[in-house]
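**Q** Below is one structure. I have some questions about it.
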Amino acid sequence: MVRSQYPTALVVNDGPAQLRLVAALLEQEGVRVRSFDSAEEALRSLVDHGPVDLIVTDLYMPGIDGWRFCRLLRSPEYAALNAIPILVISWTYAGVDARLISVDLGANAFLSAPFDPSSFRSAVRDLLDGRTPVIPLTALIVEDNPLQSEVLRQAFEVQRYIVHVAKTGEQGRFLFKTSSPQVVILDDRLPDTMGIELLCEFKQQEAPTVIIMMTRNPTPGLALEFIQKGADAYVHKPFEPAYLVELCEKARRERSLLWVRDLLEIRTKALRESEARYALAVGGANDGLWDWNLETDEVYHSARTMAMVGLAEREARFPRSAWLERIHPEDRDQAVAELRSHLDGFTAHYQAEYRVRHEDGSYIRLLDRGMAPRDGSLKPRRMAGSHTDITKRKQAEVTHRMLTTAVEQLAEAIMITDTAGAIEYVNPAFEQITGYSRSEVLGQNPRLLKSGKQQESCYCEMWGTLTHGEVWKGRLANRRKDGTLVEVEETISPVQDAAGCTVNYVAVLRDVTREATIEAQLRQAQKMEAIGELAGGVAHDFNNLLAAILGSATLLKMGAEPGDSVFRAADLIQQAADRAARLTSQLLGFAKRGKHQNITVDLHHAIREVVAFLSRTIDKRIAITPKLRAEQATVMGDPDQIQQVLLNIAINARDAMADGGELHFETDVVELDAEYCRWHTGAVPGIYVMVAITDTGHGIPQEIQDRIFEPFFTTKQQGKGTGMGLAMIYGIIKNHGGSIRLYSEVEQGTTIKVYLPRAAAAATPLPTDMRLLESVAGQGRILLVDDDQLVRESSTGLLQHLGYEVVTAEDGQQAVDYYREHGCEIDLVLLDLVMPRLGGRETFHALKAINPSVKVVISTGYGHNEAVQTLLDEGVAGFVPKPYYLRALSEMLARVLGEGQSDRGSNRSH
């Protein structure tokens with residue numbers, strides 16, 4: 001229909017105020033109005049004066065009601081009126097049923113009053129412009145034959161139905177309950193039940209649902225039983241789908257007429273019984289009643305109303321203004337406005353909530369409701385209503401609102417299920433944690449979160465606890481909607497009714513994925529730390545033994561001629577001890593106790609050297625690509641150890657690419673923030689130079705990645721690896737204040753990322769003269785302090801060979817006591833760091849208290865660690881690691897004594 005410039009609407013309503021209200025709203029929209037208080041008069045006007053552009057009608061009216069009026073307007077007898085759009089407004093009926101019945105009987109749109117004027121205007125504009133609101137209808141097809149159900153689905157969807165299909169009776173029950181269909185197509189034979197059983201169940205719901213039965217073997221008896229049980233019709237398979245759709249439409253129209261009849265009968269019966277019910281309600285209700293004479297302004301209040309505000313029953317009559325004075329000033333204007341709106345006919349009923357003053361000065365909350373009957377007159381003469389004390393209800397609502405708000409805003413997920421496990425409620429945190437929306441999980445079972453990572457015994461134990469009415473707590477590995485895993489800490493509590501029966505389960509789920517990750521990293525770090533402590537202790541004790549072995553072997557070689565049997569045996573001992581010393585050096589590297597230098601190192605220079613070496617030595621089928629993007633790739637540390645780290649990682653990468661591949665070196669400057677460090681145990685926020693070494697080899701399985709940095713753990717074949725390479729790398733990086741991360745997938749390759757703190761200064765150039773010097777002879781008296789007898793004996797021999805006089809002490813306290821008496825005779829103290837009674841650091845401070853100029857060289861099997869560096873910073877003259885190598889030992893002693901020759905005389909004269 002094309003909207004005319006000056007449209008005309010016909011309005012039918014037996015209530016004068018309602019009639020005026022609708023007419024006024026239409027006139028505001030520029031619509032000319034023809035008003036009638038009965039459908040009979042409206043029909044005569046349409047016949048005599050011709051069609052209009054729009055009809056607006058009430059439903060409940062004497063004579064011809066609104067539904068019958070719609071039916072007549074759509075009948076062949078009034079063909080000229082069939083195309084006029086009809087808007088039904090009801091002050092009596094509301095809800096989906098009333099709307100659907102109205103549409104079934106010919107209406108185009110439906111509004112329940114009281115309504116928002118904007119909704120009314122929008123509906124009018126749509127109808128005048130030819131836009132008819134679509135009220136979707138739902139059809140449920142219960143048919144186990146997939147071909148038949150699909151054909152029927154398509155036929156109903158063409159008629160704009162929302163179609164649900166069930167293959168079994170159980171599915172049909174669930175969909176009937178959840179979708180509330182207007183039409184049900186029901187096969188008489190289903191895999192798990194008979195269709196007639198479902199028919200009986202559905203009819204018990206007392207919903208205006210059209211149910212059509214389908215059968216392949218109709219008999220008179222079966223057809224009679226279908227109708228007796230409440231079926232609207234039945235069809236014999238096979239049939240045309242269009243015929244079934246038309247049959248449903250016809251049955252719906254007939255059902256609507258019957259439903260209208262029932263509604264009208266119910267309404268009539270309700271009116272007849274209202275007086276009796278009212279009397280009973282007044283006697284039994286705890287509400288107060290009031291009756292306002294609008295002509296005299298006198299209001300009668302019942303005894304209950306008087307009691308609510310603390311007034312005596314004798315004060316039951318007073319002017320309306322006196323009551324308004326008792327209303328809280330903040331609520332008074334709104335209450336008066338609601339009252340005026342009803343008296344002016346804009347609302348069917350008056351209702352207001354406000355606070356009213358009690359005689360003791362406090363305020364209570366009242367729900368004030370009433371209605372002014374008009375009896376055909378434009379101005380009502382009387383208004384009556386009730387007062388309900390809602391103080392406690394409002395307090396409960398506040399509490400409920402606070403609880404609801406708290407649950408909705410909780411960071412923890414809340415899930416409520418029925419006793420069968422069907423989900424009835426989830427809060428927003430559940431949606432965030434699981435990725436499922438509320439609409440997707442309602443009615444579902446929590447098993448949709450199962451990941452398959454949990455033992456079934458866990459679920460058995462859970463349900464065993466819950467069915468005994470007890471609370472279950474535990475951790476579960478669930479699967480999100482996107483397939484990723486989430487670890488939750490879950491507490492499930494049974495909710496019991498007054499009789500002690502469980503009616504629901506409430507689950508509180510806390511996402512502990514981050515905590516679990518950090519805990520796993522912490523456990524791994526603690527394990528590595530414990531292994532490191534063990535490795536460091538073993539290496540220290542082993543170095544003490546090697547010190548004696550190497551020292552004795554060196555002395556044997558010095559006392560023998562090259563080529564004779566003693567020299568060769570001593571040389572073999574020395575070579576074996578050297579290999580053992582390298583192994584202990586690797587152990588100390590893992591234990592973070594082996595850094596020998598702390599200078600600035602250019603990582604780009606170190607990488608280029610490694611790349612140059614690899615280019616000459618590894619399989620030519622491996623392509624090496626450096627991408628050195630970091631600006632100022634300078635770090636503090638031991639250049640030899642850093643180069644060893646790069647080389648070891650590269651060699652492992654080479655071994656993973658037996659058939660060739662690609663090896664990438666990449667650098668960058670990155671900032672590790674607090675968020676990253678929370679997720680990666682051991683990382684510290686700051687600016688780092690990142691070195692990533694990536695290969696395209698066979699990768700490392702997920703299940704062994706946590707062990708890859710453990711000492712002696714290797715994936716290589718027997719005899720092709722000691723398992724110390726990556727362990728040493730781990731220790732060196734940790735000792736340099738950095739961190740290391742492994743990323744690997746099987747058959748995809750591996751990336752190892754090393755993060756070292758960036759240094760502010762430029763790199764220190766390495767000395768170009770790497771020439772090894774021969775041992776340096778010396779002279780003077782040395783106090784050798786070591787708790788290991790073998791070390792003392794072998795070291796004494798080495799020192800004496802170098803030309804020194806040697807005095808020994810077996811612990812720090814003995815050394816301090818000796819130095820206090822004979823310090824003037826001692827030129828240098830060679831001091832072990834780890835000893836019983838009095839350790840190396842305490843011994844140094846005690847010696848320095850005796851002689852501030854004492855020359856002390858520290859020795860330990862732990863390597864150059866933080867304790868050594870601290871002593872060097874505190875004034876120790878030098879450090880030499882165990883086991884002793886003659887050249888290194890002699891150079892250190894010569895340097896220290898050479899620097900202190902000027903002090904020697906003063907020491908001896910002390």
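Each chain in the structure tokens gets a letter, A, B and so on, in the order shown; residues start at 1 in every chain, and ligands are counted from 1 in the order they appear.
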Show me, as a VMD selection string, the residues that have an atom within 6 Å of segment 367-372 of chain A when counting only C-alpha atoms, minus same-chain residues fewer than 2 positions from it.

**A** chain A and resid 349 to 353 382 to 388

**Q** Atoms to include: all heavy atoms. Write the selected residues as a short mmCIF file (atom, residue, chain, number, x, y, z; two decimals), in the first residue's frame.

**A**
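The file below, out15.cif, is the result:
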```
data_model
loop_
_atom_site.label_atom_id
_atom_site.label_comp_id
_atom_site.auth_asym_id
_atom_site.auth_seq_id
_atom_site.Cartn_x
_atom_site.Cartn_y
_atom_site.Cartn_z
N HIS A 349 -3.99 1.56 34.53
CA HIS A 349 -3.96 1.41 35.97
C HIS A 349 -2.95 2.40 36.54
O HIS A 349 -1.99 2.80 35.87
CB HIS A 349 -3.55 -0.01 36.38
CG HIS A 349 -4.50 -1.07 35.92
ND1 HIS A 349 -4.45 -1.61 34.65
CD2 HIS A 349 -5.55 -1.69 36.55
CE1 HIS A 349 -5.40 -2.50 34.51
NE2 HIS A 349 -6.09 -2.58 35.66
N TYR A 350 -3.20 2.78 37.75
CA TYR A 350 -2.26 3.66 38.46
C TYR A 350 -1.33 2.80 39.30
O TYR A 350 -1.78 1.86 39.97
CB TYR A 350 -3.03 4.64 39.34
CG TYR A 350 -2.20 5.21 40.49
CD1 TYR A 350 -1.18 6.12 40.23
CD2 TYR A 350 -2.44 4.82 41.80
CE1 TYR A 350 -0.41 6.63 41.28
CE2 TYR A 350 -1.70 5.33 42.84
CZ TYR A 350 -0.68 6.24 42.57
OH TYR A 350 0.08 6.73 43.60
N GLN A 351 -0.05 3.11 39.26
CA GLN A 351 0.92 2.41 40.10
C GLN A 351 2.08 3.33 40.39
O GLN A 351 2.60 3.99 39.48
CB GLN A 351 1.42 1.13 39.42
CG GLN A 351 2.47 0.38 40.22
CD GLN A 351 2.79 -0.99 39.64
OE1 GLN A 351 1.87 -1.77 39.37
NE2 GLN A 351 4.06 -1.26 39.45
N ALA A 352 2.48 3.38 41.64
CA ALA A 352 3.62 4.22 42.03
C ALA A 352 4.28 3.59 43.25
O ALA A 352 3.62 2.99 44.11
CB ALA A 352 3.18 5.64 42.34
N GLU A 353 5.58 3.74 43.31
CA GLU A 353 6.35 3.32 44.48
C GLU A 353 6.94 4.58 45.11
O GLU A 353 7.52 5.41 44.41
CB GLU A 353 7.47 2.35 44.09
CG GLU A 353 6.98 1.00 43.64
CD GLU A 353 8.16 0.04 43.36
OE1 GLU A 353 9.30 0.39 43.74
OE2 GLU A 353 7.92 -1.03 42.79
N ARG A 382 -14.60 8.37 40.98
CA ARG A 382 -14.11 7.59 42.11
C ARG A 382 -12.84 6.84 41.70
O ARG A 382 -12.69 6.49 40.54
CB ARG A 382 -15.19 6.60 42.55
CG ARG A 382 -14.80 5.69 43.69
CD ARG A 382 -15.88 4.64 43.89
NE ARG A 382 -15.54 3.67 44.91
CZ ARG A 382 -16.15 2.51 45.09
NH1 ARG A 382 -17.15 2.17 44.28
NH2 ARG A 382 -15.78 1.70 46.06
N MET A 383 -11.98 6.61 42.66
CA MET A 383 -10.76 5.83 42.41
C MET A 383 -10.45 5.01 43.66
O MET A 383 -10.54 5.51 44.79
CB MET A 383 -9.58 6.75 42.08
CG MET A 383 -8.31 6.00 41.73
SD MET A 383 -7.01 7.13 41.14
CE MET A 383 -5.70 5.97 40.84
N ALA A 384 -10.14 3.74 43.47
CA ALA A 384 -9.85 2.84 44.59
C ALA A 384 -8.56 2.09 44.32
O ALA A 384 -8.15 1.91 43.17
CB ALA A 384 -11.01 1.87 44.81
N GLY A 385 -7.95 1.68 45.41
CA GLY A 385 -6.69 0.96 45.24
C GLY A 385 -6.19 0.35 46.53
O GLY A 385 -6.93 0.22 47.50
N SER A 386 -4.90 -0.02 46.52
CA SER A 386 -4.32 -0.71 47.68
C SER A 386 -2.92 -0.19 47.95
O SER A 386 -2.24 0.36 47.07
CB SER A 386 -4.27 -2.22 47.43
OG SER A 386 -3.37 -2.50 46.36
N HIS A 387 -2.51 -0.38 49.21
CA HIS A 387 -1.15 -0.08 49.64
C HIS A 387 -0.47 -1.38 50.06
O HIS A 387 -1.05 -2.13 50.86
CB HIS A 387 -1.13 0.88 50.83
CG HIS A 387 -1.54 2.28 50.48
ND1 HIS A 387 -2.45 3.00 51.21
CD2 HIS A 387 -1.17 3.09 49.45
CE1 HIS A 387 -2.61 4.20 50.68
NE2 HIS A 387 -1.85 4.27 49.60
N THR A 388 0.72 -1.63 49.54
CA THR A 388 1.50 -2.80 49.93
C THR A 388 2.82 -2.32 50.53
O THR A 388 3.54 -1.53 49.90
CB THR A 388 1.79 -3.72 48.72
OG1 THR A 388 0.56 -4.08 48.10
CG2 THR A 388 2.54 -4.96 49.15
#
```

**Q** Applying 6 Å and only C-alpha atoms, which residues near segment 482-490 of chain A remain after dropping the ones on its own chain fewer than 2 positions away? List them as a VMD selection string.

**A** chain A and resid 473 to 480 508 to 513

**Q** For Glu666 of chain A, list every protein, DNA or RNA residue within 6 Å, evaluated using only C-alpha atoms, and leave out those in the same chain fewer than 3 positions away; present the list as a ChimeraX atom specification.

**A** /A:626-628,691-692

**Q** Store the residues of this selection in a file with all heavy atoms, as a compact mmCIF listing (two decimals), in the first residue's frame.

**A**
```txt
# COMPACT_ATOMS: atom_id res chain seq x y z
N PRO A 626 73.13 -15.07 8.59
CA PRO A 626 73.11 -14.15 9.73
C PRO A 626 72.24 -12.92 9.43
O PRO A 626 72.32 -12.34 8.35
CB PRO A 626 74.58 -13.76 9.90
CG PRO A 626 75.17 -13.92 8.54
CD PRO A 626 74.34 -14.92 7.78
N LYS A 627 71.37 -12.55 10.37
CA LYS A 627 70.57 -11.33 10.28
C LYS A 627 70.79 -10.54 11.56
O LYS A 627 70.07 -10.70 12.55
CB LYS A 627 69.08 -11.66 10.11
CG LYS A 627 68.76 -12.40 8.82
CD LYS A 627 67.28 -12.72 8.74
CE LYS A 627 66.95 -13.49 7.47
NZ LYS A 627 65.50 -13.84 7.38
N LEU A 628 71.83 -9.71 11.54
CA LEU A 628 72.26 -9.03 12.76
C LEU A 628 71.68 -7.61 12.76
O LEU A 628 72.28 -6.67 12.24
CB LEU A 628 73.80 -9.01 12.82
CG LEU A 628 74.47 -10.38 12.57
CD1 LEU A 628 75.97 -10.27 12.67
CD2 LEU A 628 73.93 -11.41 13.57
N VAL A 691 69.65 -13.02 20.95
CA VAL A 691 70.26 -13.81 19.89
C VAL A 691 69.37 -15.03 19.66
O VAL A 691 69.14 -15.81 20.58
CB VAL A 691 71.70 -14.26 20.26
CG1 VAL A 691 72.28 -15.08 19.12
CG2 VAL A 691 72.57 -13.06 20.55
N ALA A 692 68.85 -15.16 18.45
CA ALA A 692 68.01 -16.31 18.10
C ALA A 692 68.76 -17.16 17.09
O ALA A 692 69.21 -16.67 16.05
CB ALA A 692 66.68 -15.84 17.52
```

**Q** Where in segment 356-497 of chain A does DSSP assign strand (DSSP E or B), given as an mmCIF file with N, CA and C atoms, in the first residue's frame?

**A**
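part.cif, freshly written:
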```cif
data_model
loop_
_atom_site.group_PDB
_atom_site.id
_atom_site.type_symbol
_atom_site.label_atom_id
_atom_site.label_comp_id
_atom_site.auth_asym_id
_atom_site.auth_seq_id
_atom_site.Cartn_x
_atom_site.Cartn_y
_atom_site.Cartn_z
ATOM 1 N N VAL A 356 6.897 6.758 52.426
ATOM 2 C CA VAL A 356 5.888 7.510 53.167
ATOM 3 C C VAL A 356 6.299 7.549 54.643
ATOM 4 N N ARG A 357 6.030 8.695 55.278
ATOM 5 C CA ARG A 357 6.502 8.928 56.648
ATOM 6 C C ARG A 357 5.638 8.205 57.669
ATOM 7 N N TYR A 363 10.725 6.263 57.560
ATOM 8 C CA TYR A 363 10.015 6.109 56.284
ATOM 9 C C TYR A 363 9.925 4.632 55.923
ATOM 10 N N ILE A 364 8.770 4.253 55.409
ATOM 11 C CA ILE A 364 8.608 2.913 54.867
ATOM 12 C C ILE A 364 8.364 3.052 53.364
ATOM 13 N N ARG A 365 8.578 1.964 52.623
ATOM 14 C CA ARG A 365 8.329 1.976 51.180
ATOM 15 C C ARG A 365 6.991 1.312 50.889
ATOM 16 N N LEU A 366 6.183 2.014 50.091
ATOM 17 C CA LEU A 366 4.877 1.496 49.721
ATOM 18 C C LEU A 366 4.774 1.326 48.210
ATOM 19 N N LEU A 367 4.037 0.295 47.822
ATOM 20 C CA LEU A 367 3.598 0.146 46.438
ATOM 21 C C LEU A 367 2.132 0.555 46.416
ATOM 22 N N ASP A 368 1.829 1.662 45.741
ATOM 23 C CA ASP A 368 0.482 2.218 45.692
ATOM 24 C C ASP A 368 -0.106 1.909 44.317
ATOM 25 N N ARG A 369 -1.217 1.175 44.300
ATOM 26 C CA ARG A 369 -1.844 0.792 43.037
ATOM 27 C C ARG A 369 -3.334 1.106 43.093
ATOM 28 N N GLY A 370 -3.891 1.458 41.942
ATOM 29 C CA GLY A 370 -5.313 1.742 41.917
ATOM 30 C C GLY A 370 -5.843 1.936 40.521
ATOM 31 N N MET A 371 -7.167 2.196 40.423
ATOM 32 C CA MET A 371 -7.798 2.398 39.126
ATOM 33 C C MET A 371 -9.033 3.281 39.326
ATOM 34 N N ARG A 382 -14.596 8.368 40.976
ATOM 35 C CA ARG A 382 -14.112 7.588 42.110
ATOM 36 C C ARG A 382 -12.840 6.844 41.700
ATOM 37 N N MET A 383 -11.975 6.608 42.662
ATOM 38 C CA MET A 383 -10.758 5.831 42.412
ATOM 39 C C MET A 383 -10.451 5.008 43.656
ATOM 40 N N ALA A 384 -10.138 3.740 43.466
ATOM 41 C CA ALA A 384 -9.850 2.844 44.592
ATOM 42 C C ALA A 384 -8.555 2.093 44.325
ATOM 43 N N GLY A 385 -7.947 1.681 45.408
ATOM 44 C CA GLY A 385 -6.686 0.956 45.237
ATOM 45 C C GLY A 385 -6.188 0.348 46.527
ATOM 46 N N SER A 386 -4.902 -0.021 46.517
ATOM 47 C CA SER A 386 -4.322 -0.710 47.680
ATOM 48 C C SER A 386 -2.918 -0.185 47.951
ATOM 49 N N HIS A 387 -2.509 -0.383 49.213
ATOM 50 C CA HIS A 387 -1.146 -0.080 49.635
ATOM 51 C C HIS A 387 -0.473 -1.377 50.062
ATOM 52 N N THR A 388 0.723 -1.626 49.535
ATOM 53 C CA THR A 388 1.500 -2.800 49.931
ATOM 54 C C THR A 388 2.817 -2.321 50.527
ATOM 55 N N ASP A 389 3.101 -2.785 51.727
ATOM 56 C CA ASP A 389 4.375 -2.445 52.367
ATOM 57 C C ASP A 389 5.480 -3.275 51.708
ATOM 58 N N ALA A 413 34.611 -17.557 37.167
ATOM 59 C CA ALA A 413 33.450 -17.998 36.409
ATOM 60 C C ALA A 413 32.466 -18.703 37.341
ATOM 61 N N ILE A 414 31.187 -18.431 37.131
ATOM 62 C CA ILE A 414 30.126 -19.091 37.898
ATOM 63 C C ILE A 414 29.261 -19.887 36.917
ATOM 64 N N MET A 415 28.996 -21.131 37.267
ATOM 65 C CA MET A 415 28.139 -21.983 36.437
ATOM 66 C C MET A 415 27.148 -22.701 37.364
ATOM 67 N N ILE A 416 25.867 -22.619 37.016
ATOM 68 C CA ILE A 416 24.826 -23.300 37.784
ATOM 69 C C ILE A 416 24.165 -24.331 36.879
ATOM 70 N N THR A 417 24.046 -25.548 37.368
ATOM 71 C CA THR A 417 23.414 -26.619 36.602
ATOM 72 C C THR A 417 22.277 -27.222 37.416
ATOM 73 N N ASP A 418 21.407 -27.948 36.717
ATOM 74 C CA ASP A 418 20.413 -28.718 37.448
ATOM 75 C C ASP A 418 21.046 -30.030 37.898
ATOM 76 N N ILE A 423 23.236 -27.020 32.049
ATOM 77 C CA ILE A 423 23.646 -25.684 32.479
ATOM 78 C C ILE A 423 22.443 -24.747 32.437
ATOM 79 N N GLU A 424 22.224 -24.042 33.554
ATOM 80 C CA GLU A 424 21.096 -23.112 33.647
ATOM 81 C C GLU A 424 21.557 -21.663 33.710
ATOM 82 N N TYR A 425 22.796 -21.423 34.151
ATOM 83 C CA TYR A 425 23.283 -20.040 34.249
ATOM 84 C C TYR A 425 24.802 -20.044 34.188
ATOM 85 N N VAL A 426 25.355 -19.043 33.485
ATOM 86 C CA VAL A 426 26.789 -18.754 33.543
ATOM 87 C C VAL A 426 26.948 -17.239 33.574
ATOM 88 N N LYS A 450 35.259 -30.717 28.391
ATOM 89 C CA LYS A 450 36.265 -31.752 28.634
ATOM 90 C C LYS A 450 37.334 -31.712 27.551
ATOM 91 N N TRP A 472 33.006 -30.467 46.265
ATOM 92 C CA TRP A 472 34.186 -31.006 45.572
ATOM 93 C C TRP A 472 35.098 -29.868 45.139
ATOM 94 N N LYS A 473 36.397 -30.039 45.374
ATOM 95 C CA LYS A 473 37.385 -29.067 44.936
ATOM 96 C C LYS A 473 38.486 -29.787 44.164
ATOM 97 N N GLY A 474 38.981 -29.138 43.137
ATOM 98 C CA GLY A 474 40.075 -29.735 42.376
ATOM 99 C C GLY A 474 40.447 -28.893 41.178
ATOM 100 N N ARG A 475 41.452 -29.364 40.452
ATOM 101 C CA ARG A 475 41.893 -28.692 39.228
ATOM 102 C C ARG A 475 41.529 -29.553 38.028
ATOM 103 N N LEU A 476 41.056 -28.875 36.983
ATOM 104 C CA LEU A 476 40.683 -29.564 35.752
ATOM 105 C C LEU A 476 41.340 -28.883 34.563
ATOM 106 N N ALA A 477 41.746 -29.679 33.606
ATOM 107 C CA ALA A 477 42.265 -29.149 32.344
ATOM 108 C C ALA A 477 41.098 -29.149 31.350
ATOM 109 N N ASN A 478 40.533 -27.979 31.094
ATOM 110 C CA ASN A 478 39.387 -27.851 30.198
ATOM 111 C C ASN A 478 39.829 -27.360 28.825
ATOM 112 N N ARG A 479 38.924 -27.473 27.867
ATOM 113 C CA ARG A 479 39.206 -26.997 26.516
ATOM 114 C C ARG A 479 38.269 -25.846 26.185
ATOM 115 N N LEU A 485 43.734 -25.022 25.601
ATOM 116 C CA LEU A 485 43.506 -25.569 26.928
ATOM 117 C C LEU A 485 43.511 -24.463 27.967
ATOM 118 N N VAL A 486 42.696 -24.631 28.982
ATOM 119 C CA VAL A 486 42.674 -23.711 30.116
ATOM 120 C C VAL A 486 42.613 -24.562 31.379
ATOM 121 N N GLU A 487 43.497 -24.263 32.321
ATOM 122 C CA GLU A 487 43.499 -24.986 33.585
ATOM 123 C C GLU A 487 42.718 -24.177 34.605
ATOM 124 N N VAL A 488 41.742 -24.816 35.236
ATOM 125 C CA VAL A 488 40.884 -24.104 36.182
ATOM 126 C C VAL A 488 40.924 -24.793 37.532
ATOM 127 N N GLU A 489 40.827 -23.975 38.555
ATOM 128 C CA GLU A 489 40.646 -24.461 39.915
ATOM 129 C C GLU A 489 39.157 -24.365 40.198
ATOM 130 N N GLU A 490 38.515 -25.494 40.433
ATOM 131 C CA GLU A 490 37.057 -25.533 40.451
ATOM 132 C C GLU A 490 36.541 -25.990 41.804
ATOM 133 N N THR A 491 35.518 -25.295 42.280
ATOM 134 C CA THR A 491 34.809 -25.694 43.495
ATOM 135 C C THR A 491 33.342 -25.865 43.133
ATOM 136 N N ILE A 492 32.806 -27.056 43.356
ATOM 137 C CA ILE A 492 31.409 -27.348 43.029
ATOM 138 C C ILE A 492 30.664 -27.647 44.325
ATOM 139 N N SER A 493 29.571 -26.917 44.543
ATOM 140 C CA SER A 493 28.789 -27.069 45.774
ATOM 141 C C SER A 493 27.366 -27.469 45.433
ATOM 142 N N PRO A 494 26.812 -28.464 46.120
ATOM 143 C CA PRO A 494 25.392 -28.784 45.947
ATOM 144 C C PRO A 494 24.528 -27.689 46.596
ATOM 145 N N VAL A 495 23.428 -27.336 45.931
ATOM 146 C CA VAL A 495 22.452 -26.398 46.490
ATOM 147 C C VAL A 495 21.234 -27.212 46.912
ATOM 148 N N GLN A 496 20.881 -27.108 48.194
ATOM 149 C CA GLN A 496 19.815 -27.955 48.731
ATOM 150 C C GLN A 496 18.615 -27.110 49.133
#
```

**Q** Excluding Glu249 of chain A and any residue of its chain fewer than 3 positions from it, enumerate the residues within 12 Å of it, using only C-alpha atoms, and give them as a PyMOL selection string.

**A** chain A and resi 103-105+137+139+156+159+161+182-184+209-212+232-233+242-246+252-256

**Q** Neighbours of Ser38 of chain A within 8 Å (only C-alpha atoms; same-chain residues fewer than 6 positions away dropped), as a PyMOL selection string?

**A** chain A and resi 12-14+61-64

**Q** Can you write out the residues you just picked, keeping N, CA, C and O atoms, as a tab-separated table (two decimals), in the first residue's frame?

**A**
```
chain	number	residue	atom	x	y	z
A	12	VAL	N	-11.29	2.04	16.90
A	12	VAL	CA	-12.41	1.42	17.58
A	12	VAL	C	-11.98	1.08	19.00
A	12	VAL	O	-11.01	0.32	19.20
A	13	ASN	N	-12.70	1.62	20.00
A	13	ASN	CA	-12.40	1.32	21.40
A	13	ASN	C	-13.60	1.73	22.24
A	13	ASN	O	-14.12	2.84	22.09
A	14	ASP	N	-14.06	0.82	23.12
A	14	ASP	CA	-15.23	1.14	23.93
A	14	ASP	C	-14.88	2.00	25.14
A	14	ASP	O	-15.78	2.44	25.86
A	61	MET	N	-14.09	-5.96	23.83
A	61	MET	CA	-15.18	-4.99	23.68
A	61	MET	C	-16.51	-5.74	23.73
A	61	MET	O	-16.57	-6.92	23.35
A	62	PRO	N	-17.58	-5.08	24.19
A	62	PRO	CA	-18.90	-5.74	24.16
A	62	PRO	C	-19.37	-5.92	22.72
A	62	PRO	O	-18.94	-5.22	21.81
A	63	GLY	N	-20.23	-6.88	22.52
A	63	GLY	CA	-20.69	-7.14	21.15
A	63	GLY	C	-19.62	-7.87	20.37
A	63	GLY	O	-19.15	-8.93	20.77
A	64	ILE	N	-19.25	-7.30	19.23
A	64	ILE	CA	-18.18	-7.89	18.41
A	64	ILE	C	-16.83	-7.47	19.00
A	64	ILE	O	-16.49	-6.28	19.04
```

**Q** If DSSP is run on the backbone, what residues of segment 62-189 of chain A are helix (DSSP H, G or I)? A reply as a PyMOL selection string would be ideal.

**A** chain A and resi 66-73+76-81+96-104+117-128+146-158+169-179

**Q** As number ranges by chain, please: the residues near Lys167 of chain A (cut-off 9 Å, only C-alpha atoms, same-chain neighbours under 6 positions excluded).

**A** A: 141-146, 149, 190-191

**Q** So that I have them on file, write out the residues from the current selection with N, CA, C and O atoms, as a tab-separated table (two decimals), in the first residue's frame.

**A**
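Contents of the output file result-v9.tsv:
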```tsv
chain	number	residue	atom	x	y	z
A	141	ILE	N	9.37	-30.59	13.80
A	141	ILE	CA	9.14	-31.81	13.02
A	141	ILE	C	9.82	-32.96	13.75
A	141	ILE	O	11.04	-32.96	13.91
A	142	VAL	N	9.04	-33.93	14.21
A	142	VAL	CA	9.59	-35.10	14.90
A	142	VAL	C	9.46	-36.27	13.95
A	142	VAL	O	8.38	-36.87	13.81
A	143	GLU	N	10.53	-36.60	13.24
A	143	GLU	CA	10.52	-37.61	12.17
A	143	GLU	C	11.90	-38.22	12.10
A	143	GLU	O	12.91	-37.51	12.00
A	144	ASP	N	11.98	-39.58	12.18
A	144	ASP	CA	13.29	-40.23	12.15
A	144	ASP	C	13.79	-40.47	10.73
A	144	ASP	O	14.95	-40.85	10.54
A	145	ASN	N	12.97	-40.25	9.71
A	145	ASN	CA	13.41	-40.39	8.32
A	145	ASN	C	14.05	-39.07	7.88
A	145	ASN	O	13.35	-38.06	7.74
A	146	PRO	N	15.37	-39.05	7.66
A	146	PRO	CA	16.04	-37.78	7.35
A	146	PRO	C	15.55	-37.16	6.05
A	146	PRO	O	15.47	-35.94	5.94
A	149	SER	N	12.08	-35.60	6.75
A	149	SER	CA	12.18	-34.41	7.59
A	149	SER	C	12.79	-33.25	6.83
A	149	SER	O	12.39	-32.09	7.02
A	190	LEU	N	8.45	-43.77	16.29
A	190	LEU	CA	9.79	-43.22	16.47
A	190	LEU	C	10.70	-44.27	17.08
A	190	LEU	O	10.21	-45.25	17.68
A	191	PRO	N	12.02	-44.12	16.95
A	191	PRO	CA	12.93	-45.18	17.44
A	191	PRO	C	12.78	-45.47	18.92
A	191	PRO	O	12.96	-46.61	19.35
```
